[in-house]
$ cat query_16.csv   # CSV, C-alpha atoms and all ligand atoms
chain,number,residue,atom,x,y,z
Q,1,MET,CA,0.0,0.0,0.0
Q,2,LEU,CA,1.4,3.4,-1.0
Q,3,LYS,CA,2.0,6.0,1.7
Q,4,ASN,CA,-0.4,8.9,1.6
Q,5,ILE,CA,1.5,12.1,0.7
Q,6,LYS,CA,-0.4,14.0,3.4
Q,7,GLU,CA,1.5,11.9,6.0
Q,8,LEU,CA,4.5,14.1,5.1
Q,9,THR,CA,5.3,17.5,6.6
Q,10,PRO,CA,6.5,20.2,4.1
Q,11,LYS,CA,10.1,19.5,5.2
Q,12,GLU,CA,9.7,15.7,4.8
Q,13,LEU,CA,8.3,16.2,1.3
Q,14,GLY,CA,11.1,18.6,0.5
Q,15,ASP,CA,13.6,15.9,1.5
Q,16,VAL,CA,11.9,13.3,-0.7
Q,17,LEU,CA,12.0,15.7,-3.7
Q,18,SER,CA,15.6,16.6,-3.1
Q,19,ASP,CA,16.4,12.8,-3.2
Q,20,TRP,CA,14.7,12.7,-6.5
Q,21,ASN,CA,16.8,15.6,-7.7
Q,22,GLU,CA,13.8,18.0,-7.8
Q,23,PRO,CA,14.0,21.5,-6.3
Q,24,ARG,CA,12.6,21.7,-2.8
Q,25,PHE,CA,10.2,24.5,-3.7
Q,26,ARG,CA,8.2,21.9,-5.6
Q,27,ALA,CA,7.0,20.7,-2.1
Q,28,ASP,CA,5.4,24.1,-1.6
Q,29,GLN,CA,3.7,23.8,-4.9
Q,30,ILE,CA,2.4,20.4,-4.1
Q,31,PHE,CA,1.2,21.5,-0.7
Q,32,SER,CA,-0.5,24.5,-2.2
Q,33,TRP,CA,-2.4,22.3,-4.6
Q,34,ILE,CA,-3.6,20.0,-1.9
Q,35,TYR,CA,-4.3,22.3,1.0
Q,36,LYS,CA,-5.0,25.7,-0.6
Q,37,ASN,CA,-6.7,24.5,-3.8
Q,38,GLY,CA,-8.2,21.2,-2.5
Q,39,VAL,CA,-6.7,19.3,-5.5
Q,40,LEU,CA,-6.4,15.6,-4.6
Q,41,ASP,CA,-5.2,14.4,-8.0
Q,42,PHE,CA,-1.5,14.6,-9.0
Q,43,ASN,CA,-2.6,14.8,-12.7
Q,44,ARG,CA,-4.2,18.1,-12.1
Q,45,MET,CA,-1.1,19.7,-10.6
Q,46,SER,CA,-0.4,21.6,-13.8
Q,47,ASN,CA,2.8,23.4,-12.7
Q,48,LEU,CA,4.6,20.1,-12.1
Q,49,SER,CA,6.3,18.3,-15.0
Q,50,PRO,CA,4.6,15.2,-16.3
Q,51,SER,CA,7.6,13.1,-15.1
Q,52,LEU,CA,7.3,14.4,-11.5
Q,53,ARG,CA,3.5,13.8,-11.6
Q,54,LYS,CA,4.1,10.3,-12.7
Q,55,ARG,CA,6.7,9.7,-10.0
Q,56,LEU,CA,4.4,11.1,-7.3
Q,57,LYS,CA,1.6,8.8,-8.5
Q,58,GLU,CA,3.9,5.8,-8.3
Q,59,GLY,CA,5.3,6.8,-4.9
Q,60,PHE,CA,2.3,8.1,-3.0
Q,61,SER,CA,-1.5,7.8,-2.6
Q,62,ILE,CA,-3.4,11.1,-2.2
Q,63,LEU,CA,-7.0,10.3,-1.4
Q,64,ASP,CA,-8.0,7.7,1.2
Q,65,LEU,CA,-11.6,8.8,2.2
Q,66,GLU,CA,-14.8,8.8,0.2
Q,67,LEU,CA,-17.7,11.0,0.9
Q,68,ILE,CA,-20.8,8.8,1.1
Q,69,LYS,CA,-23.4,11.0,2.7
Q,70,LYS,CA,-24.0,14.7,3.3
Q,71,LEU,CA,-26.8,16.2,5.3
Q,72,GLU,CA,-27.6,19.9,5.9
Q,73,SER,CA,-29.5,21.2,8.9
Q,74,SER,CA,-31.9,24.1,8.6
Q,75,ASP,CA,-29.4,26.1,10.7
Q,76,GLY,CA,-26.6,25.5,8.1
Q,77,THR,CA,-24.8,22.8,10.1
Q,78,GLN,CA,-23.6,20.0,7.8
Q,79,LYS,CA,-22.7,16.5,8.6
Q,80,LEU,CA,-20.5,14.6,6.3
Q,81,ILE,CA,-20.2,10.8,6.5
Q,82,LEU,CA,-16.9,9.5,5.1
Q,83,ARG,CA,-15.7,6.0,4.4
Q,84,THR,CA,-12.1,4.9,4.9
Q,85,GLU,CA,-10.4,2.5,2.5
Q,86,ASP,CA,-10.9,-0.4,5.0
Q,87,LYS,CA,-14.7,0.5,5.1
Q,88,ASN,CA,-14.8,2.2,8.5
Q,89,ILE,CA,-17.4,5.0,8.7
Q,90,ILE,CA,-16.4,8.4,10.2
Q,91,GLU,CA,-18.3,11.5,10.7
Q,92,VAL,CA,-17.4,15.2,10.5
Q,93,ALA,CA,-19.4,18.4,10.9
Q,94,VAL,CA,-19.2,21.8,9.4
Q,95,ILE,CA,-20.7,24.4,11.8
Q,96,PRO,CA,-21.1,27.9,10.5
Q,97,THR,CA,-21.9,30.8,12.9
Q,98,ASP,CA,-21.8,34.5,12.4
Q,99,GLN,CA,-18.1,35.0,12.6
Q,100,ARG,CA,-16.7,31.5,12.3
Q,101,VAL,CA,-16.9,28.3,10.4
Q,102,THR,CA,-15.9,25.5,12.7
Q,103,GLY,CA,-15.0,22.0,11.5
Q,104,CYS,CA,-15.6,19.2,14.0
Q,105,ILE,CA,-13.2,16.3,13.3
Q,106,SER,CA,-13.0,12.7,14.3
Q,107,SER,CA,-9.7,11.3,15.5
Q,108,GLN,CA,-10.6,7.6,15.6
Q,109,ALA,CA,-13.0,5.2,13.9
Q,110,GLY,CA,-15.2,4.3,16.9
Q,111,CYS,CA,-14.1,4.9,20.5
Q,112,ALA,CA,-13.0,2.7,23.4
Q,113,TRP,CA,-14.5,4.8,26.2
Q,114,ALA,CA,-18.3,4.1,25.9
Q,115,CYS,CA,-19.6,7.2,27.5
Q,116,SER,CA,-23.3,6.5,28.2
Q,117,PHE,CA,-24.6,9.6,26.5
Q,118,CYS,CA,-22.5,9.2,23.3
Q,119,ALA,CA,-23.3,7.2,20.2
Q,120,SER,CA,-19.6,7.1,19.1
Q,121,GLY,CA,-18.7,4.6,21.8
Q,122,ILE,CA,-21.4,2.1,20.8
Q,123,GLY,CA,-19.5,-0.7,19.0
Q,124,GLY,CA,-16.1,0.1,20.6
Q,125,LEU,CA,-12.9,1.3,19.0
Q,126,LYS,CA,-12.2,0.1,15.4
Q,127,ARG,CA,-8.9,1.9,14.9
Q,128,ASN,CA,-6.9,5.1,15.1
Q,129,LEU,CA,-7.1,7.4,12.1
Q,130,ALA,CA,-3.9,8.2,10.3
Q,131,SER,CA,-2.8,11.8,10.2
Q,132,ALA,CA,-3.4,11.8,6.5
Q,133,GLU,CA,-7.1,10.7,7.1
Q,134,ILE,CA,-7.5,13.5,9.7
Q,135,LEU,CA,-6.1,16.0,7.2
Q,136,GLU,CA,-8.5,14.7,4.6
Q,137,GLU,CA,-11.5,15.2,6.9
Q,138,ILE,CA,-10.4,18.8,7.2
Q,139,LEU,CA,-10.1,19.2,3.4
Q,140,TYR,CA,-13.6,17.8,3.0
Q,141,ILE,CA,-14.9,20.2,5.6
Q,142,LYS,CA,-13.2,23.1,3.7
Q,143,GLU,CA,-14.5,22.0,0.4
Q,144,ASN,CA,-18.1,21.8,1.7
Q,145,SER,CA,-18.2,25.0,3.7
Q,146,VAL,CA,-19.6,28.2,2.1
Q,147,ASP,CA,-16.8,30.0,0.2
Q,148,ASN,CA,-14.4,27.2,1.4
Q,149,ARG,CA,-14.2,29.1,4.7
Q,150,LEU,CA,-12.7,27.3,7.7
Q,151,THR,CA,-11.7,29.3,10.7
Q,152,HIS,CA,-11.7,26.9,13.6
Q,153,LEU,CA,-11.2,23.2,14.3
Q,154,VAL,CA,-12.4,21.1,17.2
Q,155,PHE,CA,-11.4,17.5,17.8
Q,156,MET,CA,-14.9,16.6,19.2
Q,157,GLY,CA,-16.1,14.1,16.6
Q,158,THR,CA,-15.8,10.4,17.0
Q,159,GLY,CA,-12.9,9.1,19.1
Q,160,GLU,CA,-10.6,10.2,21.9
Q,161,PRO,CA,-7.9,12.4,20.4
Q,162,MET,CA,-5.5,11.7,23.3
Q,163,ASP,CA,-5.6,8.0,22.5
Q,164,ASN,CA,-4.4,8.8,19.0
Q,165,TYR,CA,-2.0,11.5,20.2
Q,166,ASP,CA,0.8,11.3,17.7
Q,167,ASN,CA,-1.3,11.3,14.6
Q,168,VAL,CA,-3.5,14.1,16.0
Q,169,MET,CA,-0.5,16.3,16.8
Q,170,LYS,CA,1.1,15.6,13.5
Q,171,ALA,CA,-2.1,16.7,11.7
Q,172,ILE,CA,-2.3,19.8,13.8
Q,173,ARG,CA,1.3,20.7,13.1
Q,174,ILE,CA,0.7,20.3,9.3
Q,175,ILE,CA,-2.5,22.4,9.2
Q,176,ASN,CA,-0.8,24.9,11.4
Q,177,SER,CA,2.0,25.6,8.9
Q,178,PRO,CA,1.9,28.5,6.4
Q,179,GLU,CA,2.5,26.1,3.5
Q,180,THR,CA,-0.9,24.4,4.2
Q,181,LEU,CA,-4.0,25.8,5.8
Q,182,ASN,CA,-2.2,28.1,8.2
Q,183,ILE,CA,-4.8,27.6,10.9
Q,184,GLY,CA,-3.5,29.1,14.1
Q,185,ALA,CA,-3.1,26.8,17.1
Q,186,ARG,CA,-5.4,29.0,19.2
Q,187,ARG,CA,-8.2,28.2,16.8
Q,188,ILE,CA,-7.8,24.5,17.3
Q,189,THR,CA,-9.4,22.7,20.2
Q,190,ILE,CA,-8.5,19.3,21.5
Q,191,SER,CA,-11.3,17.8,23.5
Q,192,THR,CA,-10.6,14.9,25.9
Q,193,CYS,CA,-12.8,12.8,28.1
Q,194,GLY,CA,-10.1,13.2,30.7
Q,195,ILE,CA,-7.0,11.2,29.7
Q,196,ILE,CA,-4.5,12.5,32.2
Q,197,PRO,CA,-1.3,11.3,30.4
Q,198,GLY,CA,-2.5,13.1,27.3
Q,199,ILE,CA,-3.2,16.3,29.2
Q,200,LYS,CA,0.3,16.1,30.7
Q,201,ARG,CA,1.9,15.5,27.3
Q,202,LEU,CA,0.0,18.4,25.7
Q,203,SER,CA,1.2,20.8,28.4
Q,204,GLY,CA,4.8,20.2,27.2
Q,205,GLU,CA,4.1,20.7,23.5
Q,206,GLY,CA,4.6,24.4,23.4
Q,207,LEU,CA,1.6,24.7,21.1
Q,208,GLN,CA,-1.1,27.2,22.0
Q,209,VAL,CA,-4.0,24.8,21.2
Q,210,GLU,CA,-7.2,25.0,23.3
Q,211,LEU,CA,-7.8,22.2,25.8
Q,212,SER,CA,-11.4,21.1,26.5
Q,213,VAL,CA,-12.2,18.5,29.1
Q,214,SER,CA,-15.5,16.7,29.2
Q,215,LEU,CA,-16.5,16.8,32.9
Q,216,HIS,CA,-20.3,16.2,33.0
Q,217,SER,CA,-20.4,15.7,36.8
Q,218,PRO,CA,-18.6,16.9,39.9
Q,219,ASP,CA,-19.3,13.5,41.6
Q,220,ASP,CA,-17.1,10.5,41.1
Q,221,LEU,CA,-19.9,8.0,41.4
Q,222,VAL,CA,-22.1,9.7,38.9
Q,223,ARG,CA,-19.2,10.5,36.5
Q,224,SER,CA,-18.1,6.9,36.5
Q,225,GLN,CA,-21.6,5.9,35.5
Q,226,LEU,CA,-21.7,8.5,32.7
Q,227,MET,CA,-18.1,8.1,31.7
Q,228,PRO,CA,-16.2,4.8,32.4
Q,229,VAL,CA,-12.9,6.7,31.9
Q,230,ASN,CA,-13.5,8.2,35.4
Q,231,LYS,CA,-12.7,4.8,37.0
Q,232,LYS,CA,-9.2,5.0,35.5
Q,233,TYR,CA,-8.8,8.8,35.9
Q,234,PRO,CA,-11.0,10.0,38.8
Q,235,LEU,CA,-12.0,13.6,39.3
Q,236,LYS,CA,-9.4,14.5,42.0
Q,237,ASN,CA,-6.5,13.4,39.7
Q,238,LEU,CA,-8.1,15.0,36.6
Q,239,ILE,CA,-8.6,18.4,38.2
Q,240,LEU,CA,-5.1,18.3,39.6
Q,241,ALA,CA,-3.8,17.5,36.0
Q,242,CYS,CA,-5.8,20.4,34.7
Q,243,LYS,CA,-4.4,22.7,37.4
Q,244,GLU,CA,-0.8,21.7,36.4
Q,245,TYR,CA,-1.7,22.2,32.7
Q,246,ILE,CA,-2.9,25.7,33.5
Q,247,GLN,CA,0.1,26.5,35.5
Q,248,LYS,CA,2.6,25.2,32.9
Q,249,THR,CA,0.9,26.7,29.8
Q,250,ASN,CA,-0.7,29.8,31.3
Q,251,ARG,CA,-3.8,28.8,29.3
Q,252,GLN,CA,-7.4,28.5,30.2
Q,253,VAL,CA,-9.1,25.1,30.2
Q,254,THR,CA,-12.7,24.7,29.1
Q,255,PHE,CA,-14.8,22.1,31.0
Q,256,GLU,CA,-17.7,20.7,28.9
Q,257,TYR,CA,-20.7,19.9,31.0
Q,258,CYS,CA,-23.6,18.1,29.4
Q,259,LEU,CA,-26.8,18.8,31.3
Q,260,VAL,CA,-29.0,15.7,31.8
Q,261,GLU,CA,-32.3,15.8,33.6
Q,262,GLY,CA,-32.3,14.0,36.9
Q,263,ILE,CA,-28.6,13.2,36.7
Q,264,ASN,CA,-26.4,16.2,37.0
Q,265,SER,CA,-28.4,19.4,36.5
Q,266,GLY,CA,-29.7,20.2,40.0
Q,267,LEU,CA,-28.6,22.8,42.6
Q,268,PRO,CA,-26.4,20.3,44.6
Q,269,GLU,CA,-24.4,19.5,41.4
Q,270,ALA,CA,-24.0,23.2,40.7
Q,271,GLN,CA,-22.8,23.8,44.3
Q,272,LYS,CA,-20.2,20.9,44.0
Q,273,LEU,CA,-19.1,22.2,40.6
Q,274,VAL,CA,-18.4,25.7,42.1
Q,275,THR,CA,-16.4,24.1,44.9
Q,276,MET,CA,-14.4,22.0,42.5
Q,277,LEU,CA,-13.5,24.7,40.0
Q,278,LEU,CA,-13.5,28.0,41.8
Q,279,GLY,CA,-10.1,29.7,41.4
Q,280,LEU,CA,-9.1,27.7,38.4
Q,281,ASN,CA,-8.5,29.6,35.1
Q,282,CYS,CA,-11.3,27.8,33.4
Q,283,LYS,CA,-14.6,28.2,31.6
Q,284,VAL,CA,-17.6,25.9,31.9
Q,285,ASN,CA,-19.4,25.2,28.7
Q,286,LEU,CA,-23.0,24.0,29.4
Q,287,ILE,CA,-24.6,21.8,26.8
Q,288,PRO,CA,-28.2,20.7,27.3
Q,289,PHE,CA,-28.3,17.0,26.4
Q,290,ASN,CA,-29.1,16.2,22.8
Q,291,PRO,CA,-31.1,12.9,22.9
Q,292,ALA,CA,-29.0,10.1,21.2
Q,293,GLY,CA,-31.1,7.0,20.6
Q,294,GLU,CA,-29.8,4.2,22.8
Q,295,ASN,CA,-30.4,5.7,26.3
Q,296,ASN,CA,-33.2,7.3,28.3
Q,297,PHE,CA,-31.5,10.6,29.0
Q,298,ALA,CA,-33.3,13.8,28.4
Q,299,PRO,CA,-32.2,17.5,28.7
Q,300,PRO,CA,-33.6,19.5,31.6
Q,301,GLY,CA,-36.2,22.2,30.8
Q,302,LYS,CA,-35.1,25.6,29.8
Q,303,ILE,CA,-35.7,27.2,33.2
Q,304,LYS,CA,-33.6,24.6,35.0
Q,305,VAL,CA,-30.8,25.1,32.5
Q,306,LEU,CA,-30.8,28.8,33.1
Q,307,LEU,CA,-31.0,28.4,36.9
Q,308,PHE,CA,-27.9,26.1,36.7
Q,309,ARG,CA,-26.0,28.5,34.6
Q,310,ASP,CA,-27.0,31.5,36.7
Q,311,TYR,CA,-25.9,29.8,39.9
Q,312,LEU,CA,-22.4,29.1,38.5
Q,313,ILE,CA,-22.1,32.7,37.2
Q,314,LYS,CA,-23.3,34.1,40.5
Q,315,HIS,CA,-20.7,32.1,42.4
Q,316,GLY,CA,-17.8,33.3,40.2
Q,317,LEU,CA,-17.4,30.8,37.4
Q,318,ASN,CA,-17.0,31.8,33.8
Q,319,VAL,CA,-19.8,30.1,31.9
Q,320,THR,CA,-21.2,29.7,28.4
Q,321,LEU,CA,-24.3,28.0,27.3
Q,322,ARG,CA,-23.8,26.2,24.0
Q,323,LYS,CA,-26.5,26.8,21.4
Q,324,GLU,CA,-28.0,23.6,20.0
Q,325,ARG,CA,-27.0,23.0,16.4
Q,326,GLY,CA,-28.2,20.6,13.8
Q,327,ARG,CA,-30.7,18.6,15.8
Q,328,ASP,CA,-32.7,17.8,12.6
Q,329,ILE,CA,-29.6,15.9,11.2
Q,330,ASP,CA,-28.6,13.8,14.2
Q,331,ALA,CA,-25.8,16.2,15.0
Q,332,ALA,CA,-25.0,14.9,18.4
Q,333,CYS,CA,-21.7,13.0,18.7
Q,334,GLY,CA,-21.7,9.9,16.6
Q,335,GLN,CA,-25.4,9.6,15.9
Q,336,LEU,CA,-25.2,9.8,12.2
Q,337,ARG,CA,-22.2,7.6,11.9
Q,338,LEU,CA,-24.0,5.0,13.9
Q,339,ARG,CA,-27.1,5.2,11.9
Q,340,THR,CA,-25.1,5.0,8.6
Q,341,GLN,CA,-23.2,1.9,9.9
Q,342,ASN,CA,-26.5,0.3,11.0
Q,343,GLU,CA,-28.1,1.0,7.6
Q,344,ARG,CA,-25.0,-0.5,5.9
Q,345,SER,CA,-25.1,-3.7,7.9
Q,346,GLU,CA,-28.9,-4.0,7.4
Q,347,ASN,CA,-28.4,-3.7,3.7
Q,348,LYS,CA,-25.7,-6.4,3.8
Q,349,ASN,CA,-27.9,-8.7,5.8
Q,350,ASN,CA,-30.8,-8.2,3.3
Q,351,ALA,CA,-28.6,-8.7,0.3
Q,401,LIG,S1,-17.8,11.2,24.4
Q,401,LIG,FE1,-15.8,11.1,23.4
Q,401,LIG,S2,-14.7,9.7,24.7
Q,401,LIG,FE2,-16.8,9.4,25.2
Q,401,LIG,S3,-17.5,7.7,23.9
Q,401,LIG,FE3,-17.9,9.6,22.8
Q,401,LIG,S4,-16.2,9.9,21.5
Q,401,LIG,FE4,-15.6,8.4,23.1
$ encode --input "query_16.csv" --output "structure tokens"
Amino acid sequence: MLKNIKELTPKELGDVLSDWNEPRFRADQIFSWIYKNGVLDFNRMSNLSPSLRKRLKEGFSILDLELIKKLESSDGTQKLILRTEDKNIIEVAVIPTDQRVTGCISSQAGCAWACSFCASGIGGLKRNLASAEILEEILYIKENSVDNRLTHLVFMGTGEPMDNYDNVMKAIRIINSPETLNIGARRITISTCGIIPGIKRLSGEGLQVELSVSLHSPDDLVRSQLMPVNKKYPLKNLILACKEYIQKTNRQVTFEYCLVEGINSGLPEAQKLVTMLLGLNCKVNLIPFNPAGENNFAPPGKIKVLLFRDYLIKHGLNVTLRKERGRDIDAACGQLRLRTQNERSENKNNA
């Protein structure tokens, strides 16, 4: 199997070209075709000689994902379902808002952590995505957004990015570079369910990416039920790791908190949350639960959501309330991927 050319950094491609007795600037031209013009066909790279195009075709693959489904919500959010060469289904989202276009990316096919509110964990982990596949997701997002605009990226799709750390970081470094998409690190968010070794590693990268941690409960017992990862990395250790991250990087951490009726959205939880986070350089992002098929969870009513938010603000926390996007196209984590996978296996069984 040929190596995907997107696995290479601009410098690595320059080294290959130099070995082929081609000028290194050809690497910039190739990167410009791929990342700036979205051309994923060596034949169409018209400023390269026919012999170099032939050599590139013989030496590298360039396209590993296939777009198999695209849905657009009434609010402009798009979901793209992509298929890998080995037939795994992954899902990305394009989320336009007034000022930004955010791409939501998957880092793995499936996920090992089985959080109870998330469809991505159903079926377990299939495999890590290669950095070239992650980059290709981003190119699909760009190609499908209005005017090819892409301002922000969040690793909040399928999979736990810290479990595919090296490939995620490689993809980030590539899109961060001026030869490619030049997306600033501050506009890239890595979201983790709380993998402490990953948080520690990230704190030493010297990259100004945003760190977002899914918290969802200030209580170990409840959090372990919602998120099995808590049994391995309990709250006390997780908050300590976040504290150390903040101290080392001087950057704020965002805690994602999905509000579920009867589970974590009452005043006692709000009080515990304040006790746990007060004094930390952090933001709490509240997300009313978006119902995802296989469980009985529901979001609290609007008034309860606002009471929860106002309590946190009144007691000194920095809080945002996430606006729901794309409900009409199954935009919650992993729902559409799961539905597509199920449809595919039903079709296979009926064949
Ligand atoms: S929320 Fe994240 S870590 Fe948990 S199962 Fe879903 S993708 Fe995996």
$ closest_atom_pairs --input "query_16.csv" --of "chain Q" --to "ligand LIG 401 (chain Q)" --cutoff "7 Å" --atoms "all atoms listed in the file" --output "JSON lines"
{"residue": "Q:Cys111", "atom": "CA", "partner": "Q:LIG401", "partner_atom": "FE4", "distance": 4.6}
{"residue": "Q:Ala112", "atom": "CA", "partner": "Q:LIG401", "partner_atom": "FE4", "distance": 6.3}
{"residue": "Q:Trp113", "atom": "CA", "partner": "Q:LIG401", "partner_atom": "S3", "distance": 4.8}
{"residue": "Q:Ala114", "atom": "CA", "partner": "Q:LIG401", "partner_atom": "S3", "distance": 4.2}
{"residue": "Q:Cys115", "atom": "CA", "partner": "Q:LIG401", "partner_atom": "S3", "distance": 4.2}
{"residue": "Q:Cys118", "atom": "CA", "partner": "Q:LIG401", "partner_atom": "FE3", "distance": 4.6}
{"residue": "Q:Ala119", "atom": "CA", "partner": "Q:LIG401", "partner_atom": "FE3", "distance": 6.5}
{"residue": "Q:Ser120", "atom": "CA", "partner": "Q:LIG401", "partner_atom": "FE3", "distance": 4.8}
{"residue": "Q:Gly121", "atom": "CA", "partner": "Q:LIG401", "partner_atom": "S3", "distance": 3.9}
{"residue": "Q:Met156", "atom": "CA", "partner": "Q:LIG401", "partner_atom": "FE1", "distance": 7.0}
{"residue": "Q:Gly157", "atom": "CA", "partner": "Q:LIG401", "partner_atom": "S4", "distance": 6.5}
{"residue": "Q:Thr158", "atom": "CA", "partner": "Q:LIG401", "partner_atom": "S4", "distance": 4.5}
{"residue": "Q:Gly159", "atom": "CA", "partner": "Q:LIG401", "partner_atom": "S4", "distance": 4.2}
{"residue": "Q:Glu160", "atom": "CA", "partner": "Q:LIG401", "partner_atom": "S2", "distance": 5.0}
{"residue": "Q:Thr192", "atom": "CA", "partner": "Q:LIG401", "partner_atom": "S2", "distance": 6.7}
{"residue": "Q:Cys193", "atom": "CA", "partner": "Q:LIG401", "partner_atom": "S2", "distance": 5.0}
{"residue": "Q:Met227", "atom": "CA", "partner": "Q:LIG401", "partner_atom": "FE2", "distance": 6.8}
{"residue": "Q:Cys333", "atom": "CA", "partner": "Q:LIG401", "partner_atom": "FE3", "distance": 6.5}
$ closest_residue --input "query_16.csv" --among "Q:Ile313, Q:Leu267, Q:Leu273, Q:Leu13" --to "Q:Gly59" --atoms "all atoms listed in the file"
Q:Leu13
$ closest_atom_pairs --input "query_16.csv" --of "stretch 196-301 of chain Q" --to "stretch 163-173 of chain Q" --cutoff "10 Å" --atoms "all atoms listed in the file" --output "Markdown table"
| residue | atom | partner | partner_atom | distance |
| --- | --- | --- | --- | --- |
| Q:Pro197 | CA | Q:Asp163 | CA | 9.6 |
| Q:Gly198 | CA | Q:Tyr165 | CA | 7.3 |
| Q:Arg201 | CA | Q:Tyr165 | CA | 9.0 |
| Q:Leu202 | CA | Q:Tyr165 | CA | 9.0 |
| Q:Glu205 | CA | Q:Met169 | CA | 9.2 |
| Q:Leu207 | CA | Q:Arg173 | CA | 8.9 |
| Q:Val209 | CA | Q:Ile172 | CA | 9.1 |
$ atom_distance --input "query_16.csv" --atom1 "atom CA of Q:Lys272" --atom2 "atom CA of Q:Tyr233"
18.5 Å
$ atom_distance --input "query_16.csv" --atom1 "atom CA of Q:Gly206" --atom2 "atom CA of Q:Phe25"
27.7 Å
$ closest_residue --input "query_16.csv" --among "Q:Ile95, Q:Leu139, Q:Val16, Q:Val319" --to "Q:Tyr257" --atoms "only C-alpha atoms"
Q:Val319
$ closest_residue --input "query_16.csv" --among "Q:Gly194, Q:Phe289, Q:Lys248, Q:Gly124" --to "Q:Val229" --atoms "all atoms listed in the file"
Q:Gly194
$ residues_around --input "query_16.csv" --residues "Q:Ile34" --least-positions-apart "2" --cutoff "10 Å" --atoms "all atoms listed in the file" --output "list in words"
Ile5, Lys6, Asp28, Gln29, Ile30, Phe31, Ser32, Lys36, Asn37, Gly38, Val39, Leu40, Asp41, Phe42, Met45, Ile62, Glu136, Leu139, Thr180 and Leu181 of chain Q
$ atom_distance --input "query_16.csv" --atom1 "atom CA of Q:Gln252" --atom2 "atom CA of Q:Arg186"
11.2 Å
$ closest_residue --input "query_16.csv" --among "Q:Cys242, Q:Val101, Q:Val213, Q:Leu125" --to "Q:Asn88" --atoms "only C-alpha atoms"
Q:Leu125
$ closest_residue --input "query_16.csv" --among "Q:Ile90, Q:Thr97, Q:Lys54, Q:Val305" --to "Q:Asp75" --atoms "only C-alpha atoms"
Q:Thr97
$ closest_residue --input "query_16.csv" --among "Q:Ile122, Q:Leu150, Q:Val92, Q:Ala298" --to "Q:Asn264" --atoms "only C-alpha atoms"
Q:Ala298
$ decode --input "query_16.csv" --residues "stretch 293-304 of chain Q" --atoms "N, CA and C atoms" --output "PDB file, in the first residue's frame"
ATOM      1  N   GLY Q 293     -30.654   8.380  20.858  1.00  0.00           N
ATOM      2  CA  GLY Q 293     -31.139   7.021  20.640  1.00  0.00           C
ATOM      3  C   GLY Q 293     -31.093   6.035  21.784  1.00  0.00           C
ATOM      4  N   GLU Q 294     -29.919   5.432  22.019  1.00  0.00           N
ATOM      5  CA  GLU Q 294     -29.834   4.207  22.810  1.00  0.00           C
ATOM      6  C   GLU Q 294     -29.949   4.371  24.329  1.00  0.00           C
ATOM      7  N   ASN Q 295     -30.259   5.558  24.839  1.00  0.00           N
ATOM      8  CA  ASN Q 295     -30.391   5.683  26.287  1.00  0.00           C
ATOM      9  C   ASN Q 295     -31.656   6.480  26.599  1.00  0.00           C
ATOM     10  N   ASN Q 296     -31.926   6.580  27.915  1.00  0.00           N
ATOM     11  CA  ASN Q 296     -33.168   7.265  28.297  1.00  0.00           C
ATOM     12  C   ASN Q 296     -32.924   8.684  28.781  1.00  0.00           C
ATOM     13  N   PHE Q 297     -31.771   9.236  28.466  1.00  0.00           N
ATOM     14  CA  PHE Q 297     -31.470  10.576  28.954  1.00  0.00           C
ATOM     15  C   PHE Q 297     -32.307  11.626  28.238  1.00  0.00           C
ATOM     16  N   ALA Q 298     -32.550  12.711  28.982  1.00  0.00           N
ATOM     17  CA  ALA Q 298     -33.269  13.841  28.381  1.00  0.00           C
ATOM     18  C   ALA Q 298     -32.649  15.134  28.902  1.00  0.00           C
ATOM     19  N   PRO Q 299     -32.783  16.212  28.158  1.00  0.00           N
ATOM     20  CA  PRO Q 299     -32.249  17.480  28.675  1.00  0.00           C
ATOM     21  C   PRO Q 299     -33.193  18.048  29.726  1.00  0.00           C
ATOM     22  N   PRO Q 300     -32.684  18.826  30.685  1.00  0.00           N
ATOM     23  CA  PRO Q 300     -33.588  19.503  31.608  1.00  0.00           C
ATOM     24  C   PRO Q 300     -34.357  20.594  30.860  1.00  0.00           C
ATOM     25  N   GLY Q 301     -35.440  21.081  31.479  1.00  0.00           N
ATOM     26  CA  GLY Q 301     -36.195  22.174  30.849  1.00  0.00           C
ATOM     27  C   GLY Q 301     -35.355  23.454  30.820  1.00  0.00           C
ATOM     28  N   LYS Q 302     -35.813  24.392  29.993  1.00  0.00           N
ATOM     29  CA  LYS Q 302     -35.063  25.639  29.783  1.00  0.00           C
ATOM     30  C   LYS Q 302     -34.791  26.389  31.086  1.00  0.00           C
ATOM     31  N   ILE Q 303     -35.834  26.441  31.949  1.00  0.00           N
ATOM     32  CA  ILE Q 303     -35.687  27.225  33.182  1.00  0.00           C
ATOM     33  C   ILE Q 303     -34.607  26.604  34.067  1.00  0.00           C
ATOM     34  N   LYS Q 304     -34.608  25.291  34.134  1.00  0.00           N
ATOM     35  CA  LYS Q 304     -33.612  24.588  34.953  1.00  0.00           C
ATOM     36  C   LYS Q 304     -32.189  24.842  34.419  1.00  0.00           C
TER      37      LYS Q 304
END
